[in-house]
file upload.txt (compact mmCIF, C-alpha atoms)
# COMPACT_ATOMS: atom_id res chain seq x y z
CA MET A 204 0.00 0.00 0.00
CA SER A 205 1.41 3.38 -1.00
CA ILE A 206 1.10 6.23 1.47
CA SER A 207 3.38 8.62 -0.40
CA THR A 208 0.60 11.22 -0.71
CA SER A 209 -0.88 10.82 2.77
CA ALA A 210 2.30 11.04 4.84
CA THR A 211 5.77 12.53 4.88
CA ILE A 212 8.86 11.53 6.82
CA VAL A 213 10.08 13.92 9.49
CA GLU A 214 13.52 13.58 11.05
CA LEU A 215 13.95 15.63 14.20
CA SER A 216 17.33 15.88 15.88
CA LEU A 217 18.04 17.88 19.03
CA SER A 218 21.38 18.10 20.81
CA VAL A 219 22.15 19.56 24.22
CA TRP A 220 25.50 20.02 25.94
CA THR A 221 25.76 17.49 28.77
CA ALA A 222 28.08 19.68 30.89
CA ASN A 223 29.50 16.55 32.49
CA LYS A 224 33.21 15.89 32.92
CA ILE A 225 34.81 12.65 34.03
CA ASP A 226 37.57 13.25 36.58
CA LYS A 227 39.73 10.15 36.83
CA ASP A 228 41.89 11.63 39.57
CA ALA A 229 39.06 12.39 41.98
CA SER A 230 38.78 10.49 45.23
CA ARG A 231 35.95 7.96 45.33
CA LYS A 232 35.03 9.40 48.70
CA VAL A 233 33.82 12.63 47.14
CA THR A 234 30.04 12.91 47.35
CA GLY A 235 27.34 15.48 46.69
CA ASP A 236 24.88 16.54 44.03
CA ASN A 237 27.60 18.07 41.88
CA TYR A 238 29.82 15.02 41.84
CA ALA A 239 28.63 11.49 41.14
CA SER A 240 30.15 8.06 40.47
CA ASP A 241 29.19 6.02 37.44
CA GLU A 242 29.12 2.23 37.12
CA ALA A 243 32.83 2.12 36.28
CA GLY A 244 33.73 3.98 39.45
CA LEU A 245 34.64 7.16 37.59
CA PHE A 246 33.39 10.48 38.86
CA ARG A 247 31.44 12.92 36.75
CA LYS A 248 31.47 16.61 37.56
CA ASN A 249 28.51 18.82 36.78
CA LEU A 250 30.34 21.70 35.15
CA MET A 251 27.28 23.92 35.47
CA ALA A 252 26.91 23.46 39.23
CA GLY A 253 24.90 26.23 40.80
CA THR A 254 22.50 26.81 37.89
CA SER A 255 19.57 24.95 36.36
CA LYS A 256 19.63 26.79 33.01
CA ARG A 257 21.32 23.98 31.06
CA LYS A 258 18.97 21.39 32.58
CA GLU A 259 15.97 23.53 31.64
CA ILE A 260 17.10 23.39 28.02
CA ALA A 261 17.62 19.63 28.27
CA ASP A 262 14.13 19.23 29.72
CA MET A 263 12.74 21.39 26.92
CA ALA A 264 14.44 19.17 24.34
CA ALA A 265 13.02 16.05 25.97
CA GLY A 266 9.56 17.59 25.87
CA ILE A 267 9.92 18.42 22.17
CA ARG A 268 10.99 14.85 21.40
CA GLU A 269 7.99 13.49 23.32
CA TRP A 270 5.66 15.86 21.46
CA ASN A 271 7.14 14.80 18.12
CA ASN A 272 6.60 11.13 18.97
CA ARG A 273 3.01 11.84 19.99
CA MET A 274 2.25 13.62 16.72
CA THR A 275 3.88 11.02 14.45
CA LEU A 276 4.21 7.28 13.89
CA PRO A 277 7.37 5.14 13.93
CA TRP A 278 9.00 4.46 10.59
CA ALA A 279 12.77 4.14 10.31
CA ASP A 280 14.77 2.32 12.95
CA ARG A 281 16.46 5.58 13.87
CA GLY A 282 15.22 9.09 13.39
CA GLY A 283 12.59 9.24 10.68
CA ARG A 284 8.91 9.11 11.65
CA LEU A 285 5.69 9.29 9.65
CA LEU A 286 3.74 12.54 9.77
CA PRO A 287 0.26 12.55 8.19
CA THR A 288 0.11 15.29 5.56
CA SER A 289 -3.28 16.32 6.99
CA MET A 290 -1.38 17.44 10.11
CA PHE A 291 1.57 19.04 8.35
CA LEU A 292 0.60 22.71 8.62
CA ASP A 293 -0.37 22.50 12.28
CA PHE A 294 2.71 20.39 13.05
CA LYS A 295 4.99 22.89 11.30
CA ARG A 296 3.41 25.81 13.15
CA GLN A 297 3.90 24.14 16.52
CA LEU A 298 7.38 22.97 15.57
CA ASP A 299 8.49 26.48 14.61
CA ALA A 300 7.21 27.84 17.93
CA ARG A 301 9.13 25.18 19.85
CA ARG A 302 12.26 25.78 17.78
CA ASP A 303 12.11 29.53 18.48
CA LYS A 304 11.73 28.93 22.22
CA PHE A 305 14.59 26.41 22.24
CA GLU A 306 16.95 28.68 20.31
CA ARG A 307 16.14 31.69 22.51
CA ALA A 308 16.94 29.63 25.61
CA VAL A 309 20.23 28.47 24.08
CA GLU A 310 21.17 32.01 23.07
CA GLU A 311 20.50 33.26 26.60
CA PHE A 312 22.52 30.39 28.07
CA VAL A 313 25.51 31.10 25.84
CA GLN A 314 25.38 34.82 26.66
CA ASP A 315 25.34 34.03 30.38
CA TYR A 316 27.99 31.30 30.07
CA PRO A 317 30.98 33.29 31.45
CA VAL A 318 28.98 34.22 34.55
CA LEU A 319 27.74 30.65 34.94
CA VAL A 320 31.32 29.38 34.84
CA GLN A 321 32.24 31.71 37.68
CA ASN A 322 29.22 30.50 39.65
CA ALA A 323 30.40 26.94 39.09
CA ARG A 324 33.82 27.88 40.47
CA GLN A 325 32.17 28.86 43.75
CA HIS A 326 30.08 25.69 43.94
CA LEU A 327 32.78 23.23 42.93
CA GLY A 328 35.57 24.71 45.03
CA ASN A 329 38.71 22.56 44.72
CA LEU A 330 37.01 20.46 42.05
CA PHE A 331 36.87 23.41 39.67
CA ASN A 332 39.29 23.23 36.73
CA PRO A 333 39.09 26.02 34.13
CA GLU A 334 40.50 23.65 31.50
CA ASP A 335 37.29 21.62 31.71
CA TYR A 336 35.31 24.46 30.15
CA PRO A 337 35.01 24.94 26.40
CA SER A 338 34.78 28.40 24.88
CA GLN A 339 31.47 30.15 24.32
CA GLU A 340 31.67 29.31 20.62
CA GLU A 341 32.27 25.63 21.38
CA VAL A 342 29.42 25.54 23.86
CA ALA A 343 27.05 27.11 21.35
CA SER A 344 27.98 24.43 18.80
CA LYS A 345 26.99 21.68 21.25
CA PHE A 346 23.33 22.68 21.05
CA GLY A 347 21.32 21.97 17.94
CA PHE A 348 17.80 21.82 16.54
CA ARG A 349 17.54 20.15 13.15
CA VAL A 350 14.48 18.96 11.25
CA VAL A 351 14.24 17.49 7.77
CA PHE A 352 11.07 16.62 5.88
CA SER A 353 11.28 14.09 3.07
CA PRO A 354 8.81 12.15 0.93
CA VAL A 355 7.96 8.55 1.65
CA PRO A 356 9.96 6.70 -1.01
CA ASP A 357 8.26 4.35 -3.41
CA SER A 358 9.90 1.33 -5.01
CA GLY A 359 9.00 2.80 -8.39
CA ASP A 360 11.57 5.53 -7.71
CA PHE A 361 14.47 3.12 -8.27
CA ARG A 362 16.58 4.46 -11.12
CA LEU A 363 19.75 2.42 -11.17
CA ASP A 364 21.92 1.25 -14.01
CA ILE A 365 21.97 -2.41 -13.00
CA PRO A 366 20.63 -5.58 -14.65
CA ALA A 367 16.84 -5.77 -14.77
CA GLN A 368 16.67 -8.97 -12.72
CA GLU A 369 18.66 -7.49 -9.82
CA LEU A 370 16.67 -4.25 -10.01
CA GLU A 371 13.39 -6.15 -9.80
CA GLN A 372 14.67 -8.08 -6.78
CA MET A 373 15.62 -4.80 -5.10
CA LYS A 374 12.12 -3.48 -5.70
CA GLN A 375 10.56 -6.62 -4.26
CA ASP A 376 12.81 -6.46 -1.19
CA TYR A 377 11.95 -2.80 -0.71
CA ASP A 378 8.21 -3.40 -1.06
CA GLU A 379 8.38 -6.17 1.53
CA ALA A 380 10.33 -3.98 3.94
CA PHE A 381 7.92 -1.10 3.25
CA ASP A 382 4.90 -3.26 4.06
CA ASN A 383 6.53 -4.45 7.28
CA ARG A 384 7.33 -0.90 8.34
CA LEU A 385 3.82 0.25 7.57
CA SER A 386 2.34 -2.64 9.53
CA ASP A 387 4.56 -1.79 12.52
CA ALA A 388 3.64 1.90 12.24
CA MET A 389 -0.08 1.15 12.22
CA ARG A 390 0.23 -0.91 15.38
CA GLU A 391 0.94 2.26 17.33
CA PRO A 392 -2.49 3.92 16.92
CA TRP A 393 -4.07 0.68 18.14
CA GLU A 394 -1.70 0.56 21.11
CA ARG A 395 -2.37 4.20 21.98
CA LEU A 396 -6.11 3.62 21.86
CA HIS A 397 -5.89 0.41 23.87
CA GLY A 398 -3.77 2.12 26.50
CA MET A 399 -6.24 5.00 26.77
CA LEU A 400 -9.23 2.69 27.13
CA SER A 401 -7.47 0.49 29.67
CA ARG A 402 -6.33 3.38 31.86
CA MET A 403 -9.77 5.00 31.84
CA SER A 404 -11.52 1.72 32.62
CA GLU A 405 -9.10 0.96 35.44
CA LYS A 406 -9.58 4.33 37.11
CA LEU A 407 -13.35 4.18 36.76
CA GLY A 408 -13.27 0.69 38.23
CA LYS A 409 -11.37 1.92 41.29
CA ALA A 410 -13.82 4.79 41.68
CA ILE A 411 -16.75 2.37 41.56
CA GLU A 412 -15.15 0.11 44.18
CA GLN A 413 -14.41 3.07 46.45
CA GLU A 414 -17.77 4.67 45.74
CA GLY A 415 -15.97 7.74 44.49
CA LYS A 416 -14.25 8.40 47.81
CA GLY A 417 -10.62 9.51 47.84
CA MET A 418 -10.41 9.74 44.06
CA ARG A 419 -8.66 12.65 42.39
CA TRP A 420 -9.93 13.65 38.97
CA HIS A 421 -8.41 16.00 36.43
CA ASP A 422 -9.97 17.55 33.37
CA THR A 423 -7.46 15.62 31.28
CA PHE A 424 -9.30 12.39 32.12
CA MET A 425 -11.86 13.41 29.52
CA THR A 426 -9.91 15.83 27.33
CA ASN A 427 -7.14 13.29 26.66
CA ALA A 428 -9.75 10.87 25.32
CA THR A 429 -11.27 13.60 23.15
CA ASP A 430 -7.83 14.53 21.83
CA MET A 431 -7.15 10.87 21.11
CA CYS A 432 -10.28 10.61 18.98
CA SER A 433 -9.20 13.66 17.00
CA MET A 434 -5.62 12.43 16.59
CA LEU A 435 -6.68 9.01 15.33
CA THR A 436 -8.50 10.55 12.37
CA HIS A 437 -5.07 11.67 11.15
CA LEU A 438 -2.93 8.72 12.25
CA ASN A 439 -5.12 6.16 10.48
CA LEU A 440 -3.02 6.43 7.33
CA THR A 441 -4.25 3.16 5.85
CA LYS A 442 -7.92 4.03 6.47
CA ASP A 443 -8.30 0.89 8.56
CA PRO A 444 -12.10 0.52 9.00
CA LYS A 445 -11.71 -1.35 12.30
CA LEU A 446 -9.51 1.36 13.78
CA GLU A 447 -12.01 3.99 12.65
CA ALA A 448 -14.85 1.96 14.17
CA ALA A 449 -13.00 1.70 17.48
CA ARG A 450 -12.30 5.42 17.40
CA ARG A 451 -15.96 6.17 16.82
CA ASP A 452 -16.92 3.82 19.65
CA LEU A 453 -14.75 5.80 22.06
CA GLU A 454 -16.12 9.05 20.70
CA ARG A 455 -19.68 7.87 21.37
CA ALA A 456 -18.76 6.51 24.80
CA ILE A 457 -17.58 9.91 26.03
CA SER A 458 -20.00 12.08 24.05
CA GLY A 459 -21.80 14.52 26.32
CA VAL A 460 -19.91 13.33 29.42
CA ASP A 461 -18.44 16.06 31.58
CA ILE A 462 -15.67 15.53 34.13
CA GLU A 463 -17.97 16.90 36.83
CA ASP A 464 -20.50 14.18 35.99
CA VAL A 465 -17.76 11.58 36.37
CA LYS A 466 -16.76 13.02 39.74
CA GLU A 467 -20.24 13.28 41.20
CA ASP A 468 -22.44 10.66 39.54
CA ALA A 469 -21.84 6.96 40.21
CA GLY A 470 -24.28 6.07 37.45
CA VAL A 471 -22.24 8.00 34.90
CA ARG A 472 -19.06 6.26 36.01
CA GLU A 473 -20.64 2.83 35.67
CA ASP A 474 -22.16 3.67 32.29
CA VAL A 475 -18.90 4.98 30.82
CA LYS A 476 -16.88 2.08 32.19
CA GLY A 477 -19.35 -0.39 30.69
CA LYS A 478 -18.98 1.22 27.28
CA LEU A 479 -15.20 1.28 27.50
CA ASP A 480 -15.03 -2.36 28.55
CA SER A 481 -17.30 -3.24 25.66
CA ILE A 482 -14.88 -1.57 23.24
CA LEU A 483 -11.97 -3.45 24.77
CA LYS A 484 -13.77 -6.75 24.25
CA SER A 485 -14.90 -5.96 20.71
CA TYR A 486 -11.55 -5.79 18.97
CA GLU A 487 -8.42 -7.91 18.59
CA TRP A 488 -5.77 -5.72 20.15
call {"tool": "encode", "arguments": {"input": "upload.txt", "output": "structure tokens"}}
result
Amino acid sequence: MSISTSATIVELSLSVWTANKIDKDASRKVTGDNYASDEAGLFRKNLMAGTSKRKEIADMAAGIREWNNRMTLPWADRGGRLLPTSMFLDFKRQLDARRDKFERAVEEFVQDYPVLVQNARQHLGNLFNPEDYPSQEEVASKFGFRVVFSPVPDSGDFRLDIPAQELEQMKQDYDEAFDNRLSDAMREPWERLHGMLSRMSEKLGKAIEQEGKGMRWHDTFMTNATDMCSMLTHLNLTKDPKLEAARRDLERAISGVDIEDVKEDAGVREDVKGKLDSILKSYEW
């Protein structure tokens, strides 16, 4: 099945300076948050001791990677993921906003770097070594935000000057690999949906057992399910009728249900759980 017009491949790569330095000469007795031993018994210094700015950038990068994974489907073993073309404009808008925020944070960090090094001197004391610290230019080069969009290749694109028999075998091998990748990619929407249904059913079950006492509810209990229904309309690249049916079942199960009703009304909780359990039993996950 060709999905060359319904999806594109997005490769997102983010790099962040680790600011760690292995000190082989340090005593193994040294302890503290700014000095830690790894499995080999070597000690790693946090060169940015006394500030959380580098970690904030690292956390931002981790959040961007998680967002990218949520918006796309697995494809290549490393890097490339499938992005439905129906989501491209919204994805690109959100991506650009995240890139701008990341690059502003990096620029601020690099500008403040000389001051941060002096702060680290105070926190590390005798462990401070100025030779551990790269220049501002080197530090800036250790951060990166790179994204590449490319079409989903089709075996018909092979244009090689090799014997016809070998070329045909290459096409067949590619088509087989393509089908396997697509099958693996389309497992993820099913797994996301199954996980959502299972978590909701489990929490509702606990609430029913406890008669609603001691349960904490957040708006996301319902909004995450609504968002899932919306997302699946895009991620169903192969137009799988069973996946669409399961999506619609969830949509109907939560239609008109408010989080306040779930909190206050035992009947609502039992009704929604019954519908969710029915969906779980209706499909081969």
call {"tool": "closest_residue", "arguments": {"input": "upload.txt", "among": "A:Gly477, A:Gly253, A:Gly459, A:Gly283", "to": "Arg384 (chain A)", "atoms": "all atoms listed in the file"}}
result
A:Gly283
call {"tool": "residues_around", "arguments": {"input": "upload.txt", "residues": "region 438-446 of chain A", "least_positions_apart": "3", "cutoff": "9 Å", "atoms": "only C-alpha atoms", "output": "list in words"}}
result
Met204, Ser205, Ile206, Ser209, Ala210, Met274, Thr275, Leu276, Leu286, Pro287, Leu385, Met389, Pro392, Trp393, Met434, Leu435, Ala449, Arg450, Arg451 and Tyr486 of chain A
call {"tool": "closest_atom_pairs", "arguments": {"input": "upload.txt", "of": "region 322-405 of chain A", "to": "region 212-215 of chain A", "cutoff": "6 Å", "atoms": "all atoms listed in the file", "output": "Markdown table"}}
result
| residue | atom | partner | partner_atom | distance |
| --- | --- | --- | --- | --- |
| A:Arg349 | CA | A:Leu215 | CA | 5.9 |
| A:Val350 | CA | A:Leu215 | CA | 4.5 |
| A:Val351 | CA | A:Glu214 | CA | 5.2 |
| A:Phe352 | CA | A:Val213 | CA | 4.6 |
| A:Ser353 | CA | A:Ile212 | CA | 5.1 |
| A:Pro354 | CA | A:Ile212 | CA | 5.9 |
call {"tool": "closest_residue", "arguments": {"input": "upload.txt", "among": "A:Lys345, A:His437, A:Lys478, A:Arg419", "to": "Ile462 (chain A)", "atoms": "all atoms listed in the file"}}
result
A:Arg419
call {"tool": "atom_distance", "arguments": {"input": "upload.txt", "atom1": "CA of Asp315 (chain A)", "atom2": "CA of Ala343 (chain A)"}}
result
11.5 Å
call {"tool": "residues_around", "arguments": {"input": "upload.txt", "residues": "Phe381 (chain A)", "least_positions_apart": "5", "cutoff": "12 Å", "atoms": "only C-alpha atoms", "output": "MDAnalysis selection string"}}
result
chainID A and resid 204:207 278:279 355:358 373:376 386:388
call {"tool": "closest_residue", "arguments": {"input": "upload.txt", "among": "A:Arg281, A:Phe348, A:Ala308, A:Gln368", "to": "Leu217 (chain A)", "atoms": "all atoms listed in the file"}}
result
A:Phe348
call {"tool": "closest_residue", "arguments": {"input": "upload.txt", "among": "A:Asn272, A:Arg257, A:Phe346, A:Gln325", "to": "Val219 (chain A)", "atoms": "all atoms listed in the file"}}
result
A:Phe346
call {"tool": "atom_distance", "arguments": {"input": "upload.txt", "atom1": "CA of Thr423 (chain A)", "atom2": "CA of Leu400 (chain A)"}}
result
13.7 Å
call {"tool": "residues_near_point", "arguments": {"input": "upload.txt", "point": "(-16.0, 12.3, 32.6)", "cutoff": "9 Å", "atoms": "only C-alpha atoms", "output": "PyMOL selection string"}}
result
chain A and resi 420+422+424-426+457+459-466+471-472+475
call {"tool": "closest_residue", "arguments": {"input": "upload.txt", "among": "A:Asn427, A:Asn383, A:Ser338, A:Ser458", "to": "Arg402 (chain A)", "atoms": "all atoms listed in the file"}}
result
A:Asn427
call {"tool": "atom_distance", "arguments": {"input": "upload.txt", "atom1": "CA of Val309 (chain A)", "atom2": "CA of Ala261 (chain A)"}}
result
10.1 Å
call {"tool": "axis_aligned_box", "arguments": {"input": "upload.txt", "around": "region 286-296 of chain A", "padding_each_side": "3 Å", "output": "AutoDock Vina command-line options"}}
result
--center_x 0.9 --center_y 19.2 --center_z 9.4 --size_x 14.3 --size_y 19.3 --size_z 13.6
call {"tool": "residues_around", "arguments": {"input": "upload.txt", "residues": "Asp335 (chain A)", "least_positions_apart": "4", "cutoff": "9 Å", "atoms": "all atoms listed in the file", "output": "list of chain:residue names"}}
result
A:Lys224, A:Leu250, A:Phe331
call {"tool": "closest_residue", "arguments": {"input": "upload.txt", "among": "A:Asn271, A:Thr208, A:Ser255, A:Gln314", "to": "Phe294 (chain A)", "atoms": "only C-alpha atoms"}}
result
A:Asn271
call {"tool": "residues_around", "arguments": {"input": "upload.txt", "residues": "Arg301 (chain A)", "least_positions_apart": "5", "cutoff": "10 Å", "atoms": "only C-alpha atoms", "output": "list in words"}}
result
Met263, Ala264, Gly266, Ile267, Lys295, Arg296, Glu306, Arg307 and Phe348 of chain A
call {"tool": "residues_around", "arguments": {"input": "upload.txt", "residues": "Tyr316 (chain A)", "least_positions_apart": "4", "cutoff": "8 Å", "atoms": "only C-alpha atoms", "output": "PDB file with C-alpha atoms, keeping the file's coordinate frame"}}
result
ATOM      1  CA  PHE A 312      22.520  30.390  28.070  1.00  0.00           C
ATOM      2  CA  VAL A 320      31.320  29.380  34.840  1.00  0.00           C
ATOM      3  CA  GLN A 339      31.470  30.150  24.320  1.00  0.00           C
TER       4      GLN A 339
END
